[in-house]
file upload-v9.cif (mmCIF, N, CA and C atoms)
data_structure
#
loop_
_atom_site.group_PDB
_atom_site.id
_atom_site.type_symbol
_atom_site.label_atom_id
_atom_site.label_comp_id
_atom_site.auth_asym_id
_atom_site.auth_seq_id
_atom_site.Cartn_x
_atom_site.Cartn_y
_atom_site.Cartn_z
ATOM 1 N N PRO A 1 0.816 -1.191 0.000
ATOM 2 C CA PRO A 1 0.000 0.000 0.000
ATOM 3 C C PRO A 1 0.864 1.260 0.000
ATOM 4 N N GLN A 2 0.349 2.267 -0.626
ATOM 5 C CA GLN A 2 1.062 3.542 -0.728
ATOM 6 C C GLN A 2 0.566 4.477 0.363
ATOM 7 N N MET A 3 1.492 5.224 0.995
ATOM 8 C CA MET A 3 1.136 6.203 2.014
ATOM 9 C C MET A 3 1.582 7.571 1.528
ATOM 10 N N LEU A 4 0.678 8.536 1.618
ATOM 11 C CA LEU A 4 0.982 9.901 1.210
ATOM 12 C C LEU A 4 0.875 10.812 2.426
ATOM 13 N N PHE A 5 1.856 11.701 2.586
ATOM 14 C CA PHE A 5 1.859 12.652 3.690
ATOM 15 C C PHE A 5 1.953 14.053 3.113
ATOM 16 N N SER A 6 0.898 14.823 3.275
ATOM 17 C CA SER A 6 0.910 16.193 2.772
ATOM 18 C C SER A 6 1.378 17.132 3.881
ATOM 19 N N GLY A 7 1.779 18.322 3.484
ATOM 20 C CA GLY A 7 2.156 19.332 4.465
ATOM 21 C C GLY A 7 3.572 19.223 4.992
ATOM 22 N N ILE A 8 4.393 18.369 4.424
ATOM 23 C CA ILE A 8 5.787 18.277 4.849
ATOM 24 C C ILE A 8 6.595 19.215 3.971
ATOM 25 N N PRO A 9 7.284 20.185 4.571
ATOM 26 C CA PRO A 9 8.021 21.162 3.770
ATOM 27 C C PRO A 9 9.233 20.542 3.066
ATOM 28 N N ALA A 10 9.738 21.256 2.064
ATOM 29 C CA ALA A 10 10.954 20.806 1.366
ATOM 30 C C ALA A 10 12.049 20.574 2.401
ATOM 31 N N HIS A 11 12.791 19.506 2.269
ATOM 32 C CA HIS A 11 13.869 19.102 3.175
ATOM 33 C C HIS A 11 13.357 18.728 4.559
ATOM 34 N N GLY A 12 12.028 18.616 4.722
ATOM 35 C CA GLY A 12 11.435 18.197 5.986
ATOM 36 C C GLY A 12 11.375 16.679 6.048
ATOM 37 N N CYS A 13 10.908 16.154 7.162
ATOM 38 C CA CYS A 13 10.776 14.704 7.301
ATOM 39 C C CYS A 13 9.614 14.390 8.235
ATOM 40 N N LYS A 14 9.216 13.146 8.263
ATOM 41 C CA LYS A 14 8.170 12.650 9.149
ATOM 42 C C LYS A 14 8.689 11.360 9.757
ATOM 43 N N LEU A 15 8.611 11.262 11.087
ATOM 44 C CA LEU A 15 9.058 10.074 11.795
ATOM 45 C C LEU A 15 7.883 9.119 11.935
ATOM 46 N N LEU A 16 8.044 7.883 11.520
ATOM 47 C CA LEU A 16 7.003 6.869 11.627
ATOM 48 C C LEU A 16 7.495 5.719 12.488
ATOM 49 N N ARG A 17 6.587 5.179 13.275
ATOM 50 C CA ARG A 17 6.887 3.958 14.026
ATOM 51 C C ARG A 17 6.096 2.855 13.348
ATOM 52 N N VAL A 18 6.774 1.822 12.931
ATOM 53 C CA VAL A 18 6.130 0.697 12.272
ATOM 54 C C VAL A 18 6.284 -0.510 13.173
ATOM 55 N N CYS A 19 5.147 -1.094 13.584
ATOM 56 C CA CYS A 19 5.204 -2.268 14.457
ATOM 57 C C CYS A 19 4.024 -3.186 14.149
ATOM 58 N N GLU A 20 4.216 -4.438 14.434
ATOM 59 C CA GLU A 20 3.155 -5.413 14.260
ATOM 60 C C GLU A 20 2.235 -5.353 15.464
ATOM 61 N N VAL A 21 0.929 -5.318 15.237
ATOM 62 C CA VAL A 21 -0.029 -5.292 16.328
ATOM 63 C C VAL A 21 -0.359 -6.724 16.708
ATOM 64 N N GLY A 22 -0.170 -7.021 17.992
ATOM 65 C CA GLY A 22 -0.460 -8.358 18.507
ATOM 66 C C GLY A 22 -1.795 -8.380 19.233
ATOM 67 N N ASP A 23 -2.034 -9.420 20.003
ATOM 68 C CA ASP A 23 -3.255 -9.536 20.801
ATOM 69 C C ASP A 23 -3.115 -8.709 22.070
ATOM 70 N N GLY A 24 -4.228 -8.160 22.540
ATOM 71 C CA GLY A 24 -4.235 -7.428 23.800
ATOM 72 C C GLY A 24 -3.783 -5.992 23.648
ATOM 73 N N LEU A 25 -3.558 -5.373 24.782
ATOM 74 C CA LEU A 25 -3.157 -3.973 24.860
ATOM 75 C C LEU A 25 -1.758 -3.766 24.304
ATOM 76 N N GLN A 26 -1.604 -2.718 23.492
ATOM 77 C CA GLN A 26 -0.285 -2.409 22.943
ATOM 78 C C GLN A 26 -0.204 -0.936 22.578
ATOM 79 N N LEU A 27 0.857 -0.259 23.015
ATOM 80 C CA LEU A 27 1.149 1.085 22.537
ATOM 81 C C LEU A 27 1.685 0.931 21.125
ATOM 82 N N VAL A 28 1.059 1.614 20.165
ATOM 83 C CA VAL A 28 1.523 1.497 18.782
ATOM 84 C C VAL A 28 2.192 2.762 18.278
ATOM 85 N N GLY A 29 2.160 3.822 19.085
ATOM 86 C CA GLY A 29 2.850 5.048 18.704
ATOM 87 C C GLY A 29 2.414 6.225 19.545
ATOM 88 N N ASP A 30 3.170 7.301 19.459
ATOM 89 C CA ASP A 30 2.782 8.536 20.129
ATOM 90 C C ASP A 30 3.503 9.712 19.506
ATOM 91 N N SER A 31 3.006 10.897 19.836
ATOM 92 C CA SER A 31 3.638 12.115 19.336
ATOM 93 C C SER A 31 4.177 12.967 20.486
ATOM 94 N N LEU A 32 4.430 12.351 21.633
ATOM 95 C CA LEU A 32 4.915 13.076 22.802
ATOM 96 C C LEU A 32 6.421 13.284 22.774
ATOM 97 N N HIS A 33 7.140 12.338 22.183
ATOM 98 C CA HIS A 33 8.604 12.383 22.192
ATOM 99 C C HIS A 33 9.122 11.557 21.019
ATOM 100 N N ILE A 34 10.288 11.875 20.528
ATOM 101 C CA ILE A 34 10.869 11.163 19.384
ATOM 102 C C ILE A 34 11.087 9.672 19.677
ATOM 103 N N SER A 35 11.224 9.318 20.950
ATOM 104 C CA SER A 35 11.457 7.913 21.324
ATOM 105 C C SER A 35 10.222 7.039 21.114
ATOM 106 N N GLN A 36 9.035 7.632 21.014
ATOM 107 C CA GLN A 36 7.772 6.932 20.804
ATOM 108 C C GLN A 36 7.581 5.750 21.747
ATOM 109 N N GLY A 37 7.595 6.043 23.035
ATOM 110 C CA GLY A 37 7.317 5.017 24.038
ATOM 111 C C GLY A 37 8.274 5.036 25.211
ATOM 112 N N ALA A 38 9.504 5.452 25.009
ATOM 113 C CA ALA A 38 10.485 5.456 26.100
ATOM 114 C C ALA A 38 10.133 6.484 27.171
ATOM 115 N N GLU A 39 9.220 7.421 26.855
ATOM 116 C CA GLU A 39 8.819 8.424 27.839
ATOM 117 C C GLU A 39 7.773 7.891 28.816
ATOM 118 N N LEU A 40 7.294 6.656 28.600
ATOM 119 C CA LEU A 40 6.344 6.054 29.531
ATOM 120 C C LEU A 40 7.097 5.377 30.665
ATOM 121 N N ASP A 41 6.749 5.740 31.888
ATOM 122 C CA ASP A 41 7.376 5.156 33.069
ATOM 123 C C ASP A 41 6.701 3.849 33.453
ATOM 124 N N SER A 42 5.354 3.809 33.323
ATOM 125 C CA SER A 42 4.625 2.577 33.641
ATOM 126 C C SER A 42 3.330 2.517 32.848
ATOM 127 N N MET A 43 2.876 1.282 32.632
ATOM 128 C CA MET A 43 1.622 1.032 31.929
ATOM 129 C C MET A 43 1.085 -0.287 32.451
ATOM 130 N N ARG A 44 -0.155 -0.256 32.993
ATOM 131 C CA ARG A 44 -0.737 -1.487 33.532
ATOM 132 C C ARG A 44 -2.253 -1.433 33.438
ATOM 133 N N ILE A 45 -2.873 -2.604 33.544
ATOM 134 C CA ILE A 45 -4.330 -2.695 33.564
ATOM 135 C C ILE A 45 -4.730 -3.307 34.901
ATOM 136 N N ALA A 46 -5.702 -2.663 35.568
ATOM 137 C CA ALA A 46 -6.261 -3.188 36.817
ATOM 138 C C ALA A 46 -7.708 -2.727 36.897
ATOM 139 N N ASP A 47 -8.601 -3.636 37.291
ATOM 140 C CA ASP A 47 -10.017 -3.306 37.466
ATOM 141 C C ASP A 47 -10.608 -2.605 36.244
ATOM 142 N N LYS A 48 -10.355 -3.138 35.059
ATOM 143 C CA LYS A 48 -10.877 -2.609 33.797
ATOM 144 C C LYS A 48 -10.434 -1.178 33.518
ATOM 145 N N LYS A 49 -9.256 -0.790 34.056
ATOM 146 C CA LYS A 49 -8.682 0.523 33.781
ATOM 147 C C LYS A 49 -7.250 0.355 33.304
ATOM 148 N N LEU A 50 -6.934 1.064 32.240
ATOM 149 C CA LEU A 50 -5.561 1.163 31.754
ATOM 150 C C LEU A 50 -4.960 2.384 32.432
ATOM 151 N N MET A 51 -3.850 2.205 33.128
ATOM 152 C CA MET A 51 -3.193 3.298 33.827
ATOM 153 C C MET A 51 -1.790 3.486 33.278
ATOM 154 N N ILE A 52 -1.485 4.720 32.884
ATOM 155 C CA ILE A 52 -0.207 5.054 32.269
ATOM 156 C C ILE A 52 0.383 6.236 33.025
ATOM 157 N N GLU A 53 1.680 6.181 33.284
ATOM 158 C CA GLU A 53 2.362 7.331 33.871
ATOM 159 C C GLU A 53 3.622 7.593 33.064
ATOM 160 N N THR A 54 3.832 8.864 32.715
ATOM 161 C CA THR A 54 5.031 9.235 31.955
ATOM 162 C C THR A 54 6.161 9.594 32.907
ATOM 163 N N ILE A 55 7.348 9.645 32.391
ATOM 164 C CA ILE A 55 8.454 10.223 33.136
ATOM 165 C C ILE A 55 8.200 11.723 33.231
ATOM 166 N N ASP A 56 8.955 12.430 34.036
ATOM 167 C CA ASP A 56 8.827 13.890 34.090
ATOM 168 C C ASP A 56 9.411 14.438 32.803
ATOM 169 N N MET A 57 8.547 14.977 31.966
ATOM 170 C CA MET A 57 8.963 15.468 30.660
ATOM 171 C C MET A 57 9.691 16.811 30.753
ATOM 172 N N GLY A 58 9.596 17.490 31.902
ATOM 173 C CA GLY A 58 10.302 18.746 32.093
ATOM 174 C C GLY A 58 9.787 19.891 31.238
ATOM 175 N N ARG A 59 8.551 19.750 30.747
ATOM 176 C CA ARG A 59 7.985 20.771 29.868
ATOM 177 C C ARG A 59 6.486 20.558 29.759
ATOM 178 N N ARG A 60 5.819 21.482 29.114
ATOM 179 C CA ARG A 60 4.400 21.332 28.782
ATOM 180 C C ARG A 60 4.308 20.420 27.562
ATOM 181 N N VAL A 61 3.450 19.423 27.649
ATOM 182 C CA VAL A 61 3.337 18.408 26.603
ATOM 183 C C VAL A 61 1.923 18.411 26.046
ATOM 184 N N GLU A 62 1.816 18.321 24.734
ATOM 185 C CA GLU A 62 0.528 18.123 24.082
ATOM 186 C C GLU A 62 0.763 17.203 22.904
ATOM 187 N N GLY A 63 0.002 16.124 22.846
ATOM 188 C CA GLY A 63 0.161 15.182 21.750
ATOM 189 C C GLY A 63 -0.786 14.008 21.896
ATOM 190 N N LYS A 64 -0.506 12.959 21.154
ATOM 191 C CA LYS A 64 -1.379 11.782 21.157
ATOM 192 C C LYS A 64 -0.610 10.523 21.535
ATOM 193 N N LEU A 65 -1.338 9.627 22.186
ATOM 194 C CA LEU A 65 -0.897 8.261 22.432
ATOM 195 C C LEU A 65 -1.843 7.372 21.636
ATOM 196 N N TRP A 66 -1.313 6.450 20.850
ATOM 197 C CA TRP A 66 -2.150 5.527 20.083
ATOM 198 C C TRP A 66 -1.973 4.119 20.642
ATOM 199 N N PHE A 67 -3.120 3.461 20.903
ATOM 200 C CA PHE A 67 -3.119 2.121 21.473
ATOM 201 C C PHE A 67 -3.950 1.175 20.635
ATOM 202 N N ALA A 68 -3.508 -0.076 20.588
ATOM 203 C CA ALA A 68 -4.340 -1.158 20.066
ATOM 204 C C ALA A 68 -5.073 -1.713 21.279
ATOM 205 N N LEU A 69 -6.410 -1.674 21.231
ATOM 206 C CA LEU A 69 -7.235 -2.140 22.344
ATOM 207 C C LEU A 69 -8.273 -3.122 21.825
ATOM 208 N N GLN A 70 -8.665 -4.062 22.662
ATOM 209 C CA GLN A 70 -9.663 -5.051 22.285
ATOM 210 C C GLN A 70 -11.084 -4.506 22.374
ATOM 211 N N GLU A 71 -11.258 -3.375 23.099
ATOM 212 C CA GLU A 71 -12.588 -2.787 23.245
ATOM 213 C C GLU A 71 -12.493 -1.268 23.230
ATOM 214 N N THR A 72 -13.604 -0.632 22.908
ATOM 215 C CA THR A 72 -13.651 0.823 22.853
ATOM 216 C C THR A 72 -13.579 1.396 24.261
ATOM 217 N N PRO A 73 -12.688 2.354 24.508
ATOM 218 C CA PRO A 73 -12.624 2.985 25.833
ATOM 219 C C PRO A 73 -13.924 3.714 26.162
ATOM 220 N N LYS A 74 -14.360 3.617 27.415
ATOM 221 C CA LYS A 74 -15.575 4.289 27.855
ATOM 222 C C LYS A 74 -15.291 5.730 28.258
ATOM 223 N N LYS A 75 -14.116 5.968 28.829
ATOM 224 C CA LYS A 75 -13.765 7.282 29.352
ATOM 225 C C LYS A 75 -12.249 7.336 29.506
ATOM 226 N N ALA A 76 -11.666 8.537 29.336
ATOM 227 C CA ALA A 76 -10.221 8.702 29.518
ATOM 228 C C ALA A 76 -9.953 10.036 30.209
ATOM 229 N N MET A 77 -8.956 10.041 31.099
ATOM 230 C CA MET A 77 -8.566 11.231 31.846
ATOM 231 C C MET A 77 -7.042 11.340 31.842
ATOM 232 N N CYS A 78 -6.543 12.576 31.899
ATOM 233 C CA CYS A 78 -5.108 12.827 32.062
ATOM 234 C C CYS A 78 -4.960 13.882 33.150
ATOM 235 N N ASN A 79 -4.339 13.509 34.250
ATOM 236 C CA ASN A 79 -4.169 14.406 35.399
ATOM 237 C C ASN A 79 -5.492 15.051 35.804
ATOM 238 N N GLY A 80 -6.557 14.242 35.800
ATOM 239 C CA GLY A 80 -7.862 14.699 36.249
ATOM 240 C C GLY A 80 -8.713 15.410 35.212
ATOM 241 N N GLU A 81 -8.181 15.634 34.005
ATOM 242 C CA GLU A 81 -8.913 16.308 32.934
ATOM 243 C C GLU A 81 -9.391 15.285 31.905
ATOM 244 N N THR A 82 -10.610 15.476 31.388
ATOM 245 C CA THR A 82 -11.144 14.573 30.368
ATOM 246 C C THR A 82 -10.283 14.619 29.110
ATOM 247 N N VAL A 83 -10.057 13.459 28.531
ATOM 248 C CA VAL A 83 -9.229 13.306 27.332
ATOM 249 C C VAL A 83 -10.116 12.875 26.163
ATOM 250 N N MET A 84 -9.916 13.495 25.000
ATOM 251 C CA MET A 84 -10.639 13.101 23.800
ATOM 252 C C MET A 84 -10.042 11.799 23.260
ATOM 253 N N VAL A 85 -10.920 10.838 22.979
ATOM 254 C CA VAL A 85 -10.513 9.552 22.412
ATOM 255 C C VAL A 85 -11.065 9.460 21.002
ATOM 256 N N THR A 86 -10.193 9.132 20.041
ATOM 257 C CA THR A 86 -10.647 8.959 18.665
ATOM 258 C C THR A 86 -10.279 7.565 18.181
ATOM 259 N N GLU A 87 -11.189 6.948 17.433
ATOM 260 C CA GLU A 87 -10.908 5.642 16.838
ATOM 261 C C GLU A 87 -10.350 5.873 15.446
ATOM 262 N N THR A 88 -9.183 5.286 15.162
ATOM 263 C CA THR A 88 -8.571 5.466 13.854
ATOM 264 C C THR A 88 -8.800 4.265 12.945
ATOM 265 N N GLY A 89 -9.450 3.222 13.481
ATOM 266 C CA GLY A 89 -9.751 2.026 12.700
ATOM 267 C C GLY A 89 -8.930 0.842 13.148
ATOM 268 N N GLU A 90 -9.441 -0.336 12.883
ATOM 269 C CA GLU A 90 -8.771 -1.605 13.165
ATOM 270 C C GLU A 90 -8.354 -1.749 14.630
ATOM 271 N N GLY A 91 -9.190 -1.230 15.550
ATOM 272 C CA GLY A 91 -8.924 -1.372 16.974
ATOM 273 C C GLY A 91 -7.854 -0.441 17.524
ATOM 274 N N ILE A 92 -7.507 0.596 16.768
ATOM 275 C CA ILE A 92 -6.510 1.579 17.210
ATOM 276 C C ILE A 92 -7.241 2.831 17.689
ATOM 277 N N TYR A 93 -6.885 3.282 18.904
ATOM 278 C CA TYR A 93 -7.511 4.449 19.512
ATOM 279 C C TYR A 93 -6.452 5.474 19.873
ATOM 280 N N GLY A 94 -6.745 6.740 19.594
ATOM 281 C CA GLY A 94 -5.843 7.833 19.915
ATOM 282 C C GLY A 94 -6.354 8.620 21.104
ATOM 283 N N LEU A 95 -5.475 8.921 22.039
ATOM 284 C CA LEU A 95 -5.804 9.740 23.208
ATOM 285 C C LEU A 95 -5.061 11.058 23.078
ATOM 286 N N HIS A 96 -5.784 12.168 23.021
ATOM 287 C CA HIS A 96 -5.153 13.486 22.914
ATOM 288 C C HIS A 96 -4.915 14.003 24.332
ATOM 289 N N VAL A 97 -3.649 14.086 24.745
ATOM 290 C CA VAL A 97 -3.316 14.483 26.112
ATOM 291 C C VAL A 97 -2.578 15.815 26.148
ATOM 292 N N LYS A 98 -2.758 16.519 27.282
ATOM 293 C CA LYS A 98 -2.051 17.775 27.555
ATOM 294 C C LYS A 98 -1.671 17.738 29.030
ATOM 295 N N PHE A 99 -0.399 18.009 29.329
ATOM 296 C CA PHE A 99 0.023 18.043 30.724
ATOM 297 C C PHE A 99 1.377 18.728 30.831
ATOM 298 N N SER A 100 1.743 19.058 32.059
ATOM 299 C CA SER A 100 3.071 19.593 32.355
ATOM 300 C C SER A 100 3.780 18.607 33.261
ATOM 301 N N GLY A 101 5.055 18.356 33.004
ATOM 302 C CA GLY A 101 5.832 17.449 33.850
ATOM 303 C C GLY A 101 5.461 16.005 33.635
ATOM 304 N N VAL A 102 4.769 15.405 34.620
ATOM 305 C CA VAL A 102 4.369 13.997 34.583
ATOM 306 C C VAL A 102 2.906 13.894 34.159
ATOM 307 N N GLY A 103 2.612 12.988 33.239
ATOM 308 C CA GLY A 103 1.243 12.729 32.818
ATOM 309 C C GLY A 103 0.755 11.434 33.420
ATOM 310 N N LYS A 104 -0.404 11.505 34.100
ATOM 311 C CA LYS A 104 -1.038 10.299 34.660
ATOM 312 C C LYS A 104 -2.346 10.101 33.920
ATOM 313 N N VAL A 105 -2.370 9.086 33.080
ATOM 314 C CA VAL A 105 -3.515 8.817 32.201
ATOM 315 C C VAL A 105 -4.263 7.592 32.711
ATOM 316 N N GLU A 106 -5.593 7.710 32.793
ATOM 317 C CA GLU A 106 -6.457 6.575 33.151
ATOM 318 C C GLU A 106 -7.491 6.409 32.053
ATOM 319 N N VAL A 107 -7.602 5.186 31.560
ATOM 320 C CA VAL A 107 -8.571 4.873 30.507
ATOM 321 C C VAL A 107 -9.486 3.786 31.030
ATOM 322 N N GLU A 108 -10.777 4.090 31.095
ATOM 323 C CA GLU A 108 -11.755 3.121 31.559
ATOM 324 C C GLU A 108 -12.159 2.246 30.379
ATOM 325 N N LEU A 109 -11.973 0.939 30.524
ATOM 326 C CA LEU A 109 -12.276 -0.003 29.446
ATOM 327 C C LEU A 109 -13.611 -0.698 29.670
#
call {"tool": "encode", "arguments": {"input": "upload-v9.cif", "output": "C-alpha cells"}}
result
Amino acid sequence: PQMLFSGIPAHGCKLLRVCEVGDGLQLVGDSLHISQGAELDSMRIADKKLMIETIDMGRRVEGKLWFALQETPKKAMCNGETVMVTETGEGIYGLHVKFSGVGKVEVEL
C-alpha cells in the first residue's frame, strides 16, 4: 500500500513507528517524544482501567498516544482532565493528552 503525507516542507521529514499489532493492549505510537514510548514510566491494567504514567517530561506536553485495544474505551482522563478519544480504525484508539511534567492517564475499558 502507498502512504501519502501532505504538508511536509521541502527538506522536511516525518518520523514513523512501524510495528506489528499483537493480541491485547499495545502502545503502537505517540507524538509526545521522538522515542515513541520510552517516555512512559509505567503502563498497567487493573479493574478494567488502563493506567499510564510518563516520566517527568520537564515541559508542557501536548500530543497523542495511540493504542491497540480489544474494546472501545468508555472514558479517559489525564491528570484529572477529560481526554478526547478517537478511533482510527482496526482497533486503534488515539488519546489526545495535555500536561506539564508527569502525565497520569487513566482509561476506563
call {"tool": "closest_residue", "arguments": {"input": "upload-v9.cif", "among": "A:Gly89, A:Gly94, A:Lys104, A:Ile34", "to": "Leu15 (chain A)", "atoms": "only N, CA and C atoms"}}
result
A:Ile34
call {"tool": "atom_distance", "arguments": {"input": "upload-v9.cif", "atom1": "atom N of Asp30 (chain A)", "atom2": "atom N of Arg17 (chain A)"}}
result
7.4 Å
call {"tool": "select_by_dssp", "arguments": {"input": "upload-v9.cif", "residues": "region 14-86 of chain A", "states": "strand (DSSP E or B)", "output": "PyMOL selection string"}}
result
chain A and resi 26-30+40-46+49-54+60-68+75-78+81-82+84-86
call {"tool": "write_last_selection", "arguments": {"input": "upload-v9.cif", "atoms": "N, CA and C atoms", "output": "mmCIF file, in the coordinates of the input"}}
result
data_model
loop_
_atom_site.group_PDB
_atom_site.id
_atom_site.type_symbol
_atom_site.label_atom_id
_atom_site.label_comp_id
_atom_site.auth_asym_id
_atom_site.auth_seq_id
_atom_site.Cartn_x
_atom_site.Cartn_y
_atom_site.Cartn_z
ATOM 1 N N GLN A 26 -1.604 -2.718 23.492
ATOM 2 C CA GLN A 26 -0.285 -2.409 22.943
ATOM 3 C C GLN A 26 -0.204 -0.936 22.578
ATOM 4 N N LEU A 27 0.857 -0.259 23.015
ATOM 5 C CA LEU A 27 1.149 1.085 22.537
ATOM 6 C C LEU A 27 1.685 0.931 21.125
ATOM 7 N N VAL A 28 1.059 1.614 20.165
ATOM 8 C CA VAL A 28 1.523 1.497 18.782
ATOM 9 C C VAL A 28 2.192 2.762 18.278
ATOM 10 N N GLY A 29 2.160 3.822 19.085
ATOM 11 C CA GLY A 29 2.850 5.048 18.704
ATOM 12 C C GLY A 29 2.414 6.225 19.545
ATOM 13 N N ASP A 30 3.170 7.301 19.459
ATOM 14 C CA ASP A 30 2.782 8.536 20.129
ATOM 15 C C ASP A 30 3.503 9.712 19.506
ATOM 16 N N LEU A 40 7.294 6.656 28.600
ATOM 17 C CA LEU A 40 6.344 6.054 29.531
ATOM 18 C C LEU A 40 7.097 5.377 30.665
ATOM 19 N N ASP A 41 6.749 5.740 31.888
ATOM 20 C CA ASP A 41 7.376 5.156 33.069
ATOM 21 C C ASP A 41 6.701 3.849 33.453
ATOM 22 N N SER A 42 5.354 3.809 33.323
ATOM 23 C CA SER A 42 4.625 2.577 33.641
ATOM 24 C C SER A 42 3.330 2.517 32.848
ATOM 25 N N MET A 43 2.876 1.282 32.632
ATOM 26 C CA MET A 43 1.622 1.032 31.929
ATOM 27 C C MET A 43 1.085 -0.287 32.451
ATOM 28 N N ARG A 44 -0.155 -0.256 32.993
ATOM 29 C CA ARG A 44 -0.737 -1.487 33.532
ATOM 30 C C ARG A 44 -2.253 -1.433 33.438
ATOM 31 N N ILE A 45 -2.873 -2.604 33.544
ATOM 32 C CA ILE A 45 -4.330 -2.695 33.564
ATOM 33 C C ILE A 45 -4.730 -3.307 34.901
ATOM 34 N N ALA A 46 -5.702 -2.663 35.568
ATOM 35 C CA ALA A 46 -6.261 -3.188 36.817
ATOM 36 C C ALA A 46 -7.708 -2.727 36.897
ATOM 37 N N LYS A 49 -9.256 -0.790 34.056
ATOM 38 C CA LYS A 49 -8.682 0.523 33.781
ATOM 39 C C LYS A 49 -7.250 0.355 33.304
ATOM 40 N N LEU A 50 -6.934 1.064 32.240
ATOM 41 C CA LEU A 50 -5.561 1.163 31.754
ATOM 42 C C LEU A 50 -4.960 2.384 32.432
ATOM 43 N N MET A 51 -3.850 2.205 33.128
ATOM 44 C CA MET A 51 -3.193 3.298 33.827
ATOM 45 C C MET A 51 -1.790 3.486 33.278
ATOM 46 N N ILE A 52 -1.485 4.720 32.884
ATOM 47 C CA ILE A 52 -0.207 5.054 32.269
ATOM 48 C C ILE A 52 0.383 6.236 33.025
ATOM 49 N N GLU A 53 1.680 6.181 33.284
ATOM 50 C CA GLU A 53 2.362 7.331 33.871
ATOM 51 C C GLU A 53 3.622 7.593 33.064
ATOM 52 N N THR A 54 3.832 8.864 32.715
ATOM 53 C CA THR A 54 5.031 9.235 31.955
ATOM 54 C C THR A 54 6.161 9.594 32.907
ATOM 55 N N ARG A 60 5.819 21.482 29.114
ATOM 56 C CA ARG A 60 4.400 21.332 28.782
ATOM 57 C C ARG A 60 4.308 20.420 27.562
ATOM 58 N N VAL A 61 3.450 19.423 27.649
ATOM 59 C CA VAL A 61 3.337 18.408 26.603
ATOM 60 C C VAL A 61 1.923 18.411 26.046
ATOM 61 N N GLU A 62 1.816 18.321 24.734
ATOM 62 C CA GLU A 62 0.528 18.123 24.082
ATOM 63 C C GLU A 62 0.763 17.203 22.904
ATOM 64 N N GLY A 63 0.002 16.124 22.846
ATOM 65 C CA GLY A 63 0.161 15.182 21.750
ATOM 66 C C GLY A 63 -0.786 14.008 21.896
ATOM 67 N N LYS A 64 -0.506 12.959 21.154
ATOM 68 C CA LYS A 64 -1.379 11.782 21.157
ATOM 69 C C LYS A 64 -0.610 10.523 21.535
ATOM 70 N N LEU A 65 -1.338 9.627 22.186
ATOM 71 C CA LEU A 65 -0.897 8.261 22.432
ATOM 72 C C LEU A 65 -1.843 7.372 21.636
ATOM 73 N N TRP A 66 -1.313 6.450 20.850
ATOM 74 C CA TRP A 66 -2.150 5.527 20.083
ATOM 75 C C TRP A 66 -1.973 4.119 20.642
ATOM 76 N N PHE A 67 -3.120 3.461 20.903
ATOM 77 C CA PHE A 67 -3.119 2.121 21.473
ATOM 78 C C PHE A 67 -3.950 1.175 20.635
ATOM 79 N N ALA A 68 -3.508 -0.076 20.588
ATOM 80 C CA ALA A 68 -4.340 -1.158 20.066
ATOM 81 C C ALA A 68 -5.073 -1.713 21.279
ATOM 82 N N LYS A 75 -14.116 5.968 28.829
ATOM 83 C CA LYS A 75 -13.765 7.282 29.352
ATOM 84 C C LYS A 75 -12.249 7.336 29.506
ATOM 85 N N ALA A 76 -11.666 8.537 29.336
ATOM 86 C CA ALA A 76 -10.221 8.702 29.518
ATOM 87 C C ALA A 76 -9.953 10.036 30.209
ATOM 88 N N MET A 77 -8.956 10.041 31.099
ATOM 89 C CA MET A 77 -8.566 11.231 31.846
ATOM 90 C C MET A 77 -7.042 11.340 31.842
ATOM 91 N N CYS A 78 -6.543 12.576 31.899
ATOM 92 C CA CYS A 78 -5.108 12.827 32.062
ATOM 93 C C CYS A 78 -4.960 13.882 33.150
ATOM 94 N N GLU A 81 -8.181 15.634 34.005
ATOM 95 C CA GLU A 81 -8.913 16.308 32.934
ATOM 96 C C GLU A 81 -9.391 15.285 31.905
ATOM 97 N N THR A 82 -10.610 15.476 31.388
ATOM 98 C CA THR A 82 -11.144 14.573 30.368
ATOM 99 C C THR A 82 -10.283 14.619 29.110
ATOM 100 N N MET A 84 -9.916 13.495 25.000
ATOM 101 C CA MET A 84 -10.639 13.101 23.800
ATOM 102 C C MET A 84 -10.042 11.799 23.260
ATOM 103 N N VAL A 85 -10.920 10.838 22.979
ATOM 104 C CA VAL A 85 -10.513 9.552 22.412
ATOM 105 C C VAL A 85 -11.065 9.460 21.002
ATOM 106 N N THR A 86 -10.193 9.132 20.041
ATOM 107 C CA THR A 86 -10.647 8.959 18.665
ATOM 108 C C THR A 86 -10.279 7.565 18.181
#
call {"tool": "atom_distance", "arguments": {"input": "upload-v9.cif", "atom1": "atom C of Ser42 (chain A)", "atom2": "atom C of Lys98 (chain A)"}}
result
16.5 Å
call {"tool": "atom_distance", "arguments": {"input": "upload-v9.cif", "atom1": "CA of Glu20 (chain A)", "atom2": "CA of Leu109 (chain A)"}}
result
22.3 Å
call {"tool": "closest_residue", "arguments": {"input": "upload-v9.cif", "among": "A:Met3, A:Glu106, A:Met43, A:Gly29", "to": "Trp66 (chain A)", "atoms": "all atoms listed in the file"}}
result
A:Gly29
call {"tool": "resolve_selection", "arguments": {"input": "upload-v9.cif", "expression": "the PyMOL selection byres ((chain A and resi 72) around 8)", "output": "list in words"}}
result
Leu69, Gln70, Glu71, Pro73, Lys74, Lys75, Gly91, Tyr93, Glu108 and Leu109 of chain A
call {"tool": "axis_aligned_box", "arguments": {"input": "upload-v9.cif", "around": "region 7-12 of chain A", "padding_each_side": "3 Å", "output": "lines of an AutoDock Vina configuration file"}}
result
center_x = 7.8
center_y = 19.0
center_z = 3.7
size_x = 18.1
size_y = 10.6
size_z = 10.7
call {"tool": "resolve_selection", "arguments": {"input": "upload-v9.cif", "expression": "the PyMOL selection byres (((chain A and resi 84 and name CA) around 10) and name CA)", "output": "NGL selection string"}}
result
:A and (64 or 75-78 or 81-83 or 85-86 or 94-97)
